[in-house]
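Structure data (CSV, C-alpha atoms) from my_file05.csv:
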```csv
chain,number,residue,atom,x,y,z
A,247,MET,CA,55.1,-66.8,83.7
A,248,SER,CA,58.8,-67.0,84.6
A,249,ASP,CA,59.3,-69.6,87.3
A,250,ARG,CA,60.7,-67.3,90.0
A,251,SER,CA,59.8,-69.7,92.8
A,252,GLU,CA,62.2,-72.4,91.5
A,253,ARG,CA,65.2,-70.1,91.0
A,254,ASN,CA,68.4,-70.7,93.0
A,255,ARG,CA,68.6,-68.8,96.3
A,256,ALA,CA,71.3,-68.3,99.0
A,257,PRO,CA,71.6,-71.1,101.5
A,258,ARG,CA,70.0,-69.0,104.3
A,259,ASN,CA,67.2,-67.7,102.1
A,260,ARG,CA,63.9,-69.2,103.4
A,261,THR,CA,61.6,-67.5,100.9
A,262,LEU,CA,58.9,-69.9,99.8
A,263,THR,CA,59.6,-71.9,96.7
A,264,VAL,CA,57.2,-74.1,94.7
A,265,THR,CA,58.3,-76.9,92.4
A,266,ALA,CA,56.4,-78.0,89.3
A,267,ALA,CA,55.1,-81.1,91.2
A,268,GLU,CA,54.0,-78.9,94.1
A,269,ARG,CA,52.3,-76.5,91.8
A,270,SER,CA,50.2,-79.3,90.5
A,271,LEU,CA,49.5,-80.7,94.0
A,272,TYR,CA,48.6,-77.5,95.7
A,273,GLY,CA,46.8,-76.2,92.6
A,274,GLU,CA,44.3,-79.0,93.0
A,275,ALA,CA,43.3,-77.6,96.4
A,276,VAL,CA,42.4,-74.2,94.9
A,277,LEU,CA,38.7,-73.6,94.3
A,278,ARG,CA,38.0,-72.3,90.8
A,279,PRO,CA,34.2,-71.8,90.7
A,280,ALA,CA,32.4,-72.7,87.6
A,281,PRO,CA,30.6,-69.8,85.9
A,282,ASP,CA,27.3,-68.8,87.6
A,283,SER,CA,27.7,-71.6,90.2
A,284,ALA,CA,26.3,-70.7,93.7
A,285,LEU,CA,28.9,-70.4,96.4
A,286,THR,CA,27.7,-71.9,99.7
A,287,PRO,CA,29.4,-71.9,103.1
A,288,GLU,CA,30.2,-75.6,102.6
A,289,THR,CA,32.0,-74.9,99.3
A,290,VAL,CA,34.0,-71.7,100.3
A,291,LEU,CA,35.0,-72.1,103.9
A,292,CYS,CA,38.6,-72.9,104.4
A,293,LYS,CA,39.3,-72.4,100.7
A,294,THR,CA,41.5,-70.4,98.5
A,295,ILE,CA,39.3,-69.2,95.7
A,296,ASN,CA,40.9,-68.2,92.4
A,297,GLY,CA,38.9,-65.4,90.8
A,298,ASP,CA,38.0,-61.7,90.8
A,299,PHE,CA,36.3,-60.8,94.0
A,300,LEU,CA,33.9,-58.2,92.4
A,301,GLU,CA,32.7,-60.9,89.9
A,302,LEU,CA,32.3,-63.6,92.6
A,303,ALA,CA,30.8,-61.4,95.4
A,304,PRO,CA,27.2,-61.6,94.3
A,305,ARG,CA,27.4,-65.4,94.5
A,306,PHE,CA,28.7,-65.6,98.0
A,307,PRO,CA,26.3,-66.6,100.8
A,308,GLY,CA,25.0,-63.7,102.8
A,309,LYS,CA,26.1,-62.7,106.4
A,310,PHE,CA,28.6,-65.5,106.9
A,311,VAL,CA,31.8,-63.5,107.7
A,312,ASP,CA,32.8,-62.4,111.2
A,313,LEU,CA,35.9,-60.4,110.2
A,314,ALA,CA,37.0,-59.0,106.9
A,315,ILE,CA,40.6,-57.9,106.2
A,316,LEU,CA,41.2,-56.1,103.0
A,317,ASP,CA,44.6,-55.3,101.5
A,318,PRO,CA,43.6,-54.0,98.1
A,319,PRO,CA,46.1,-52.6,95.6
A,320,TYR,CA,47.2,-49.1,96.7
A,321,ASN,CA,46.9,-46.4,94.1
A,322,LEU,CA,50.3,-47.1,92.7
A,323,THR,CA,51.4,-48.7,89.5
A,324,LYS,CA,52.7,-52.1,90.4
A,325,ASN,CA,53.1,-55.5,88.7
A,326,PHE,CA,51.8,-58.4,90.7
A,327,HIS,CA,53.5,-61.1,88.6
A,328,GLY,CA,51.6,-60.5,85.5
A,329,ASN,CA,48.6,-58.7,86.9
A,330,THR,CA,49.4,-54.9,86.8
A,331,PHE,CA,47.5,-52.3,88.8
A,332,THR,CA,47.9,-48.9,87.2
A,333,GLU,CA,47.8,-45.7,89.2
A,334,THR,CA,44.7,-43.6,88.6
A,335,THR,CA,43.2,-40.4,89.9
A,336,PRO,CA,42.1,-40.2,93.5
A,337,GLU,CA,38.5,-39.8,92.4
A,338,ARG,CA,38.6,-42.9,90.3
A,339,TYR,CA,40.3,-44.8,93.1
A,340,ALA,CA,37.6,-43.7,95.5
A,341,LEU,CA,35.0,-45.2,93.1
A,342,MET,CA,36.9,-48.5,93.0
A,343,ALA,CA,37.0,-48.5,96.8
A,344,ASP,CA,33.2,-47.9,96.9
A,345,ALA,CA,32.7,-50.9,94.7
A,346,TRP,CA,34.8,-53.1,97.0
A,347,PHE,CA,32.9,-52.1,100.1
A,348,SER,CA,29.5,-52.3,98.4
A,349,ALA,CA,30.4,-55.9,97.3
A,350,ILE,CA,31.6,-57.1,100.7
A,351,LYS,CA,28.9,-55.6,102.8
A,352,PRO,CA,26.2,-58.2,102.1
A,353,ILE,CA,28.4,-61.1,103.2
A,354,LEU,CA,29.2,-59.7,106.6
A,355,LYS,CA,27.4,-60.5,109.7
A,356,ASP,CA,25.7,-57.6,111.6
A,357,GLU,CA,28.5,-57.8,114.3
A,358,ALA,CA,31.4,-58.0,111.8
A,359,SER,CA,34.5,-55.9,111.8
A,360,VAL,CA,36.4,-54.6,108.8
A,361,TYR,CA,40.0,-53.7,108.4
A,362,VAL,CA,41.4,-52.0,105.3
A,363,CYS,CA,45.1,-51.5,104.6
A,364,CYS,CA,46.3,-48.5,102.6
A,365,ASP,CA,49.2,-46.0,102.3
A,366,TRP,CA,49.2,-42.3,102.9
A,367,GLN,CA,48.1,-41.5,99.4
A,368,SER,CA,45.2,-43.9,99.2
A,369,SER,CA,44.1,-43.4,102.9
A,370,PRO,CA,41.8,-40.4,102.3
A,371,ALA,CA,39.9,-42.1,99.5
A,372,ILE,CA,39.6,-45.3,101.6
A,373,TYR,CA,38.3,-43.4,104.6
A,374,ALA,CA,35.8,-41.4,102.6
A,375,SER,CA,34.3,-44.5,100.9
A,376,LEU,CA,34.5,-46.8,104.0
A,377,SER,CA,32.6,-44.3,106.1
A,378,ARG,CA,29.7,-44.3,103.7
A,379,HIS,CA,29.3,-48.1,104.2
A,380,PHE,CA,30.4,-48.8,107.7
A,381,THR,CA,31.1,-47.0,111.0
A,382,VAL,CA,34.7,-46.1,111.1
A,383,ARG,CA,36.1,-46.7,114.6
A,384,ASN,CA,39.8,-45.9,114.4
A,385,ARG,CA,42.9,-45.6,112.2
A,386,ILE,CA,45.9,-47.8,113.0
A,387,THR,CA,49.3,-46.6,111.8
A,388,TRP,CA,52.1,-49.1,111.7
A,389,GLN,CA,55.8,-48.7,111.1
A,390,ARG,CA,57.0,-50.7,108.1
A,391,GLU,CA,60.7,-50.1,108.1
A,392,LYS,CA,61.8,-51.2,104.7
A,393,GLY,CA,63.0,-49.6,101.5
A,394,ARG,CA,65.5,-47.1,100.5
A,395,GLY,CA,65.6,-43.5,101.7
A,396,ALA,CA,64.2,-40.7,99.6
A,397,LYS,CA,66.6,-38.0,98.5
A,398,SER,CA,64.1,-35.2,98.0
A,399,ASN,CA,61.3,-36.2,100.4
A,400,TRP,CA,60.7,-37.8,103.7
A,401,LYS,CA,61.1,-41.6,103.6
A,402,ASN,CA,57.8,-43.4,103.7
A,403,CYS,CA,58.0,-45.9,106.5
A,404,SER,CA,54.4,-46.2,107.7
A,405,GLU,CA,51.0,-47.4,106.5
A,406,ASP,CA,47.5,-47.1,107.7
A,407,ILE,CA,44.8,-49.7,108.5
A,408,TRP,CA,41.3,-48.3,108.9
A,409,PHE,CA,39.1,-50.2,111.5
A,410,ALA,CA,35.3,-50.2,110.9
A,411,THR,CA,32.3,-52.2,112.0
A,412,ALA,CA,29.1,-53.2,110.3
A,413,GLY,CA,26.9,-52.2,113.2
A,414,ASN,CA,27.0,-51.0,116.8
A,415,ALA,CA,28.0,-54.3,118.3
A,416,TRP,CA,31.4,-55.9,117.6
A,417,THR,CA,34.1,-58.2,119.0
A,418,PHE,CA,37.2,-56.7,120.6
A,419,ASN,CA,39.4,-58.9,122.7
A,420,VAL,CA,41.7,-56.4,124.3
A,421,ASP,CA,43.5,-58.9,126.5
A,422,ALA,CA,44.4,-61.0,123.5
A,423,VAL,CA,46.4,-58.2,121.9
A,424,LYS,CA,48.4,-56.7,124.7
A,425,LEU,CA,52.1,-56.0,124.0
A,426,ARG,CA,54.9,-57.1,126.3
A,427,ARG,CA,57.2,-54.2,126.8
A,428,LYS,CA,60.4,-53.7,128.7
A,429,VAL,CA,60.1,-51.6,131.9
A,430,LEU,CA,62.7,-48.9,132.0
A,431,ALA,CA,61.7,-47.3,135.3
A,432,PRO,CA,60.2,-50.1,137.5
A,433,TYR,CA,58.0,-49.0,140.3
A,434,ARG,CA,57.4,-51.0,143.4
A,435,ALA,CA,54.6,-50.9,146.0
A,436,ASP,CA,55.3,-52.5,149.4
A,437,GLY,CA,58.5,-53.9,147.9
A,438,ARG,CA,56.7,-55.8,145.2
A,439,PRO,CA,56.6,-55.0,141.4
A,440,LYS,CA,53.6,-52.8,140.5
A,441,ASP,CA,52.1,-53.6,137.1
A,442,TRP,CA,55.1,-55.4,135.9
A,443,GLU,CA,56.9,-58.8,136.3
A,444,GLU,CA,60.5,-59.8,136.6
A,445,SER,CA,61.6,-62.8,134.6
A,446,ALA,CA,64.8,-64.5,133.5
A,447,GLU,CA,65.1,-62.1,130.5
A,448,GLY,CA,64.3,-58.9,132.3
A,449,ARG,CA,61.5,-56.7,133.6
A,450,TYR,CA,58.3,-56.4,131.5
A,451,ARG,CA,54.7,-55.2,131.6
A,452,LEU,CA,51.7,-56.0,129.5
A,453,THR,CA,50.4,-52.8,127.9
A,454,HIS,CA,47.1,-52.0,126.2
A,455,PRO,CA,47.3,-51.8,122.5
A,456,SER,CA,47.4,-48.4,120.9
A,457,ASN,CA,46.7,-47.4,117.3
A,458,PHE,CA,50.4,-46.9,116.6
A,459,TRP,CA,52.4,-50.1,116.1
A,460,ASP,CA,56.2,-50.0,116.0
A,461,ASP,CA,56.9,-53.6,116.7
A,462,ILE,CA,56.2,-55.1,113.3
A,463,SER,CA,58.9,-56.6,111.0
A,464,ILE,CA,58.2,-56.8,107.3
A,465,PRO,CA,58.8,-60.3,105.9
A,466,TYR,CA,62.3,-60.7,104.6
A,467,TRP,CA,64.3,-63.4,102.9
A,468,SER,CA,65.4,-65.2,106.1
A,469,MET,CA,61.9,-65.6,107.5
A,470,PRO,CA,59.9,-68.8,106.6
A,471,GLU,CA,56.7,-66.8,106.0
A,472,ASN,CA,58.4,-64.8,103.2
A,473,THR,CA,57.2,-65.1,99.6
A,474,ASP,CA,58.0,-63.3,96.4
A,475,HIS,CA,54.7,-61.3,96.7
A,476,PRO,CA,55.7,-57.6,96.3
A,477,THR,CA,53.4,-56.3,99.0
A,478,GLN,CA,53.1,-59.2,101.5
A,479,LYS,CA,51.9,-58.3,105.0
A,480,PRO,CA,53.5,-59.8,108.1
A,481,GLU,CA,51.7,-62.6,109.9
A,482,LYS,CA,52.2,-60.8,113.2
A,483,LEU,CA,50.3,-57.8,111.8
A,484,ILE,CA,47.4,-59.9,110.7
A,485,ALA,CA,47.4,-61.9,113.9
A,486,ARG,CA,46.8,-58.8,115.9
A,487,LEU,CA,43.7,-58.0,113.8
A,488,ILE,CA,42.4,-61.5,114.0
A,489,LEU,CA,42.9,-62.0,117.7
A,490,ALA,CA,41.3,-58.6,118.5
A,491,SER,CA,38.3,-58.8,116.3
A,492,SER,CA,37.3,-62.5,116.1
A,493,ASN,CA,36.9,-65.5,118.3
A,494,PRO,CA,38.0,-69.2,117.7
A,495,GLY,CA,35.9,-70.8,115.1
A,496,ASP,CA,34.9,-67.4,113.5
A,497,VAL,CA,35.1,-66.8,109.8
A,498,VAL,CA,37.9,-64.5,108.5
A,499,PHE,CA,37.6,-63.3,104.9
A,500,ASP,CA,40.1,-61.6,102.7
A,501,PRO,CA,39.0,-60.6,99.1
A,502,PHE,CA,42.6,-59.7,98.1
A,503,LEU,CA,44.3,-62.7,99.5
A,504,GLY,CA,47.7,-62.4,97.7
A,505,SER,CA,50.1,-65.1,98.9
A,506,GLY,CA,47.7,-66.2,101.7
A,507,THR,CA,48.8,-64.4,104.8
A,508,THR,CA,45.3,-63.8,106.2
A,509,SER,CA,44.2,-67.4,105.6
A,510,VAL,CA,47.4,-68.9,107.0
A,511,THR,CA,47.3,-66.7,110.1
A,512,ALA,CA,43.6,-67.5,110.7
A,513,LYS,CA,44.3,-71.2,110.5
A,514,LYS,CA,47.2,-70.9,113.0
A,515,LEU,CA,44.9,-69.1,115.4
A,516,GLY,CA,42.0,-71.6,115.2
A,517,ARG,CA,39.7,-69.6,113.0
A,518,ARG,CA,38.0,-70.6,109.7
A,519,TRP,CA,39.0,-68.7,106.6
A,520,CYS,CA,38.1,-67.9,103.1
A,521,GLY,CA,39.8,-65.7,100.5
A,522,THR,CA,39.7,-64.7,96.8
A,523,GLU,CA,42.8,-64.0,94.7
A,524,ILE,CA,42.9,-63.2,91.0
A,525,ASN,CA,46.4,-64.5,90.5
A,526,GLY,CA,46.5,-68.3,90.2
A,527,GLU,CA,50.2,-68.6,91.1
A,528,TYR,CA,49.6,-66.7,94.4
A,529,CYS,CA,46.8,-69.2,95.1
A,530,VAL,CA,49.3,-72.0,94.9
A,531,TRP,CA,51.6,-70.2,97.2
A,532,ALA,CA,48.8,-69.8,99.7
A,533,GLU,CA,47.9,-73.5,99.6
A,534,LYS,CA,51.5,-74.5,100.3
A,535,ARG,CA,51.6,-72.1,103.2
A,536,LEU,CA,48.3,-73.5,104.5
A,537,ALA,CA,49.7,-77.0,104.3
A,538,ARG,CA,52.8,-75.9,106.3
A,539,ALA,CA,50.5,-74.5,109.0
A,540,ASP,CA,49.3,-78.0,109.7
A,541,VAL,CA,52.7,-78.8,111.3
A,542,ASP,CA,54.0,-75.3,112.2
A,543,LYS,CA,51.7,-72.9,113.9
A,544,THR,CA,54.3,-70.4,115.0
A,545,ILE,CA,53.9,-66.7,114.3
A,546,GLN,CA,57.1,-64.7,114.4
A,547,GLY,CA,56.9,-62.1,117.2
A,548,TYR,CA,53.9,-63.7,118.9
A,549,ALA,CA,54.3,-66.6,121.4
A,550,HIS,CA,52.7,-67.9,124.6
A,551,GLY,CA,49.7,-65.7,124.0
A,552,VAL,CA,51.7,-62.5,124.0
A,553,PHE,CA,53.0,-60.0,121.3
A,554,TRP,CA,56.7,-59.3,121.9
A,555,GLU,CA,58.7,-56.2,121.0
A,556,ARG,CA,61.2,-56.4,118.2
A,557,ASN,CA,64.6,-58.0,118.9
A,558,THR,CA,63.3,-59.6,122.1
A,559,ARG,CA,64.5,-63.1,123.0
A,560,ILE,CA,61.3,-65.1,123.3
A,561,PRO,CA,61.6,-68.0,125.8
A,562,THR,CA,60.8,-71.4,124.6
A,563,ASN,CA,59.3,-72.4,127.9
A,564,PRO,CA,56.1,-70.4,128.9
A,565,SER,CA,57.0,-70.8,132.5
A,566,GLU,CA,59.9,-68.4,132.0
A,567,ARG,CA,57.4,-65.7,131.8
A,568,GLU,CA,56.2,-66.2,135.4
A,569,PRO,CA,56.9,-63.5,137.9
A,570,ARG,CA,59.9,-64.1,140.2
```
Mind turning the file's structure into structure tokens?
Amino acid sequence: MSDRSERNRAPRNRTLTVTAAERSLYGEAVLRPAPDSALTPETVLCKTINGDFLELAPRFPGKFVDLAILDPPYNLTKNFHGNTFTETTPERYALMADAWFSAIKPILKDEASVYVCCDWQSSPAIYASLSRHFTVRNRITWQREKGRGAKSNWKNCSEDIWFATAGNAWTFNVDAVKLRRKVLAPYRADGRPKDWEESAEGRYRLTHPSNFWDDISIPYWSMPENTDHPTQKPEKLIARLILASSNPGDVVFDPFLGSGTTSVTAKKLGRRWCGTEINGEYCVWAEKRLARADVDKTIQGYAHGVFWERNTRIPTNPSEREPR
């Protein structure tokens, strides 16, 4: 494998790099299960597991996961640093999705929630399969402004996340995921702000979350969470799922962990985590990011218990948010 993580970068480029010494150090923290060994909660919790989820799934303990976040390969041909996913027919992709959901179902608690990321092409197959195994509750669409414009088609700037539950009871912490938005036409009652607050940086209100998210920034080179993973999800995106559908101390599981965003975000938010990833290099990246989270628990776009709009100046002092 070419050592992309050690290449020279521009001075302001904060993309994660891993030296040879760090690769050895963080590689030791990765769990590589011996063939046919049982996986217990004690061995898998708060671990990055190097392996194929479908092969490992039967060995996982039953009903130990509170929240599952799946970001599987979309039905597109893409090279994940040596592991290539090849586009196939929608029918065959649906069968793959069916295998993923069949494998993950036994490890979920009865009150667990499931989120599955996809694009517009894979979304129908994901929904069809997901609805056979779980109760689908909603579809989130999020704006992922990135990439070049298409010349003969509409630019693809959004993705879907299907929300499902294992049963008829589930966690949803609505107050934890409200968005702080600017008030353009402030209304007063008896001379006092109604449903909004006035602060040093302007007038804002907390709004209930909808299933359309337009405040998410894709990780890019100047952000410390950025890695060379080709389809990395933003921590802010994953934070919203974790805060809504789990409680502190709950177990968050990601069977397609990639560079570790789900585990890192879960750790920053006081949850336990577990994830499988077939690419050994990505596992090392995840472990370095997890080590960083011991000293830096910030999540870009989320601060003081509130999600902020894009391009908002976030105060360093929580007291600045108090009404005036």
Exercise for review: Would you mind telling me which residue in A:Tyr339, A:Phe418, A:Trp388, A:Trp346 lies nearest to Pro370 of chain A when using all atoms listed in the file?
Suggested key: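 Looking at the shortest contact to Pro370 of chain A, the residue is A:Tyr339.
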Practice item. Considering only C-alpha atoms, state which residue in the set A:Gly328, A:Gly516, A:Gly526, A:Pro307 is at the smallest distance from Thr289 of chain A. Key: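 For Thr289 of chain A, the nearest of the candidates is A:Pro307.
The set of protein, DNA and RNA residues with any counted atom at most 7 Å from (53.1, -57.6, 130.9) (only C-alpha atoms) reads Arg426, Arg427, Trp442, Glu443, Tyr450, Arg451, Leu452 and Thr453 of chain A.
Between atom CA of Tyr528 of chain A and atom CA of Ser505 of chain A there is a distance of 4.8 Å.
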Considering all atoms listed in the file, give me a table of residues in segment 357-474 of chain A that are at most 9 Å from segment 556-563 of chain A, with the closest atom pair and distance in Å for each, as a tab-separated table.
```
residue	atom	partner	partner_atom	distance
A:Glu447	CA	A:Arg559	CA	7.6
A:Asp460	CA	A:Arg556	CA	8.4
A:Asp461	CA	A:Arg556	CA	5.3
A:Ile462	CA	A:Arg556	CA	7.1
A:Ser463	CA	A:Arg556	CA	7.6
```
Write a file of the just-selected residues containing C-alpha atoms, as a PDB file, in the frame of the given file.
```
ATOM      1  CA  GLU A 447      65.100 -62.100 130.500  1.00  0.00           C
ATOM      2  CA  ASP A 460      56.200 -50.000 116.000  1.00  0.00           C
ATOM      3  CA  ASP A 461      56.900 -53.600 116.700  1.00  0.00           C
ATOM      4  CA  ILE A 462      56.200 -55.100 113.300  1.00  0.00           C
ATOM      5  CA  SER A 463      58.900 -56.600 111.000  1.00  0.00           C
TER       6      SER A 463
END
```
Check your understanding: Hey, which of A:Glu523, A:Glu274, A:Glu533, A:Glu337 ends up closest to Pro319 of chain A? Count all atoms listed in the file.
Key ->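 Of A:Glu523, A:Glu274, A:Glu533, A:Glu337, the one nearest Pro319 of chain A is A:Glu523, counting all atoms listed in the file.
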Exercise for review: Just the residues within 7 Å of Ala349 of chain A, please, counting all atoms listed in the file, with nothing from its chain fewer than 3 positions along; format it as a PyMOL selection string.
Suggested key: chain A and resi 300+303+345-346+352
Emit the selected residues as a PDB file, in the coordinates of the input, including C-alpha atoms.
```pdb
ATOM      1  CA  LEU A 300      33.900 -58.200  92.400  1.00  0.00           C
ATOM      2  CA  ALA A 303      30.800 -61.400  95.400  1.00  0.00           C
ATOM      3  CA  ALA A 345      32.700 -50.900  94.700  1.00  0.00           C
ATOM      4  CA  TRP A 346      34.800 -53.100  97.000  1.00  0.00           C
ATOM      5  CA  PRO A 352      26.200 -58.200 102.100  1.00  0.00           C
TER       6      PRO A 352
END
```
Practice item. Would you mind listing what lies within 9 Å of Ser492 of chain A as a ChimeraX atom specification, with only C-alpha atoms counted and same-chain residues fewer than 6 positions away left out? Key: /A:312-313,358-359,416-419,498,517
Practice item. Give the answer as one residue: which of A:Glu555, A:Phe310, A:Ala415, A:Lys351 has the shortest atom-to-atom distance to Thr286 of chain A, using all atoms listed in the file? Key: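 Checking each of A:Glu555, A:Phe310, A:Ala415, A:Lys351 against Thr286 of chain A, counting all atoms listed in the file, the winner is A:Phe310.
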Practice item. Could you give me, as a list in words, the residues that sit within 12 Å of (31.5, -41.6, 100.8) in the file's coordinates, counting only C-alpha atoms? Key: Glu337, Ala340, Leu341, Met342, Ala343, Asp344, Ala345, Phe347, Ser348, Pro370, Ala371, Ile372, Tyr373, Ala374, Ser375, Leu376, Ser377, Arg378, His379, Phe380, Thr381 and Val382 of chain A
Check your understanding: If you measure from atom CA of His475 of chain A to atom CA of Leu515 of chain A, what distance in Å do you get, rounded to one decimal?
Key ->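 Here the two named atoms are 22.5 Å from each other.
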Check your understanding: In terms of the shortest atom-to-atom distance over all atoms listed in the file, which of A:Leu536, A:Trp519, A:Ser509, A:Phe299 is closest to Asp496 of chain A?
Key ->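 For Asp496 of chain A, the nearest of the given residues is A:Trp519.
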Exercise for review: Figure out the distance between atom CA of Leu277 of chain A and atom CA of Pro476 of chain A, please, to one decimal in Å.
Suggested key: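 Rounded to one decimal, the two atoms are 23.4 Å apart.
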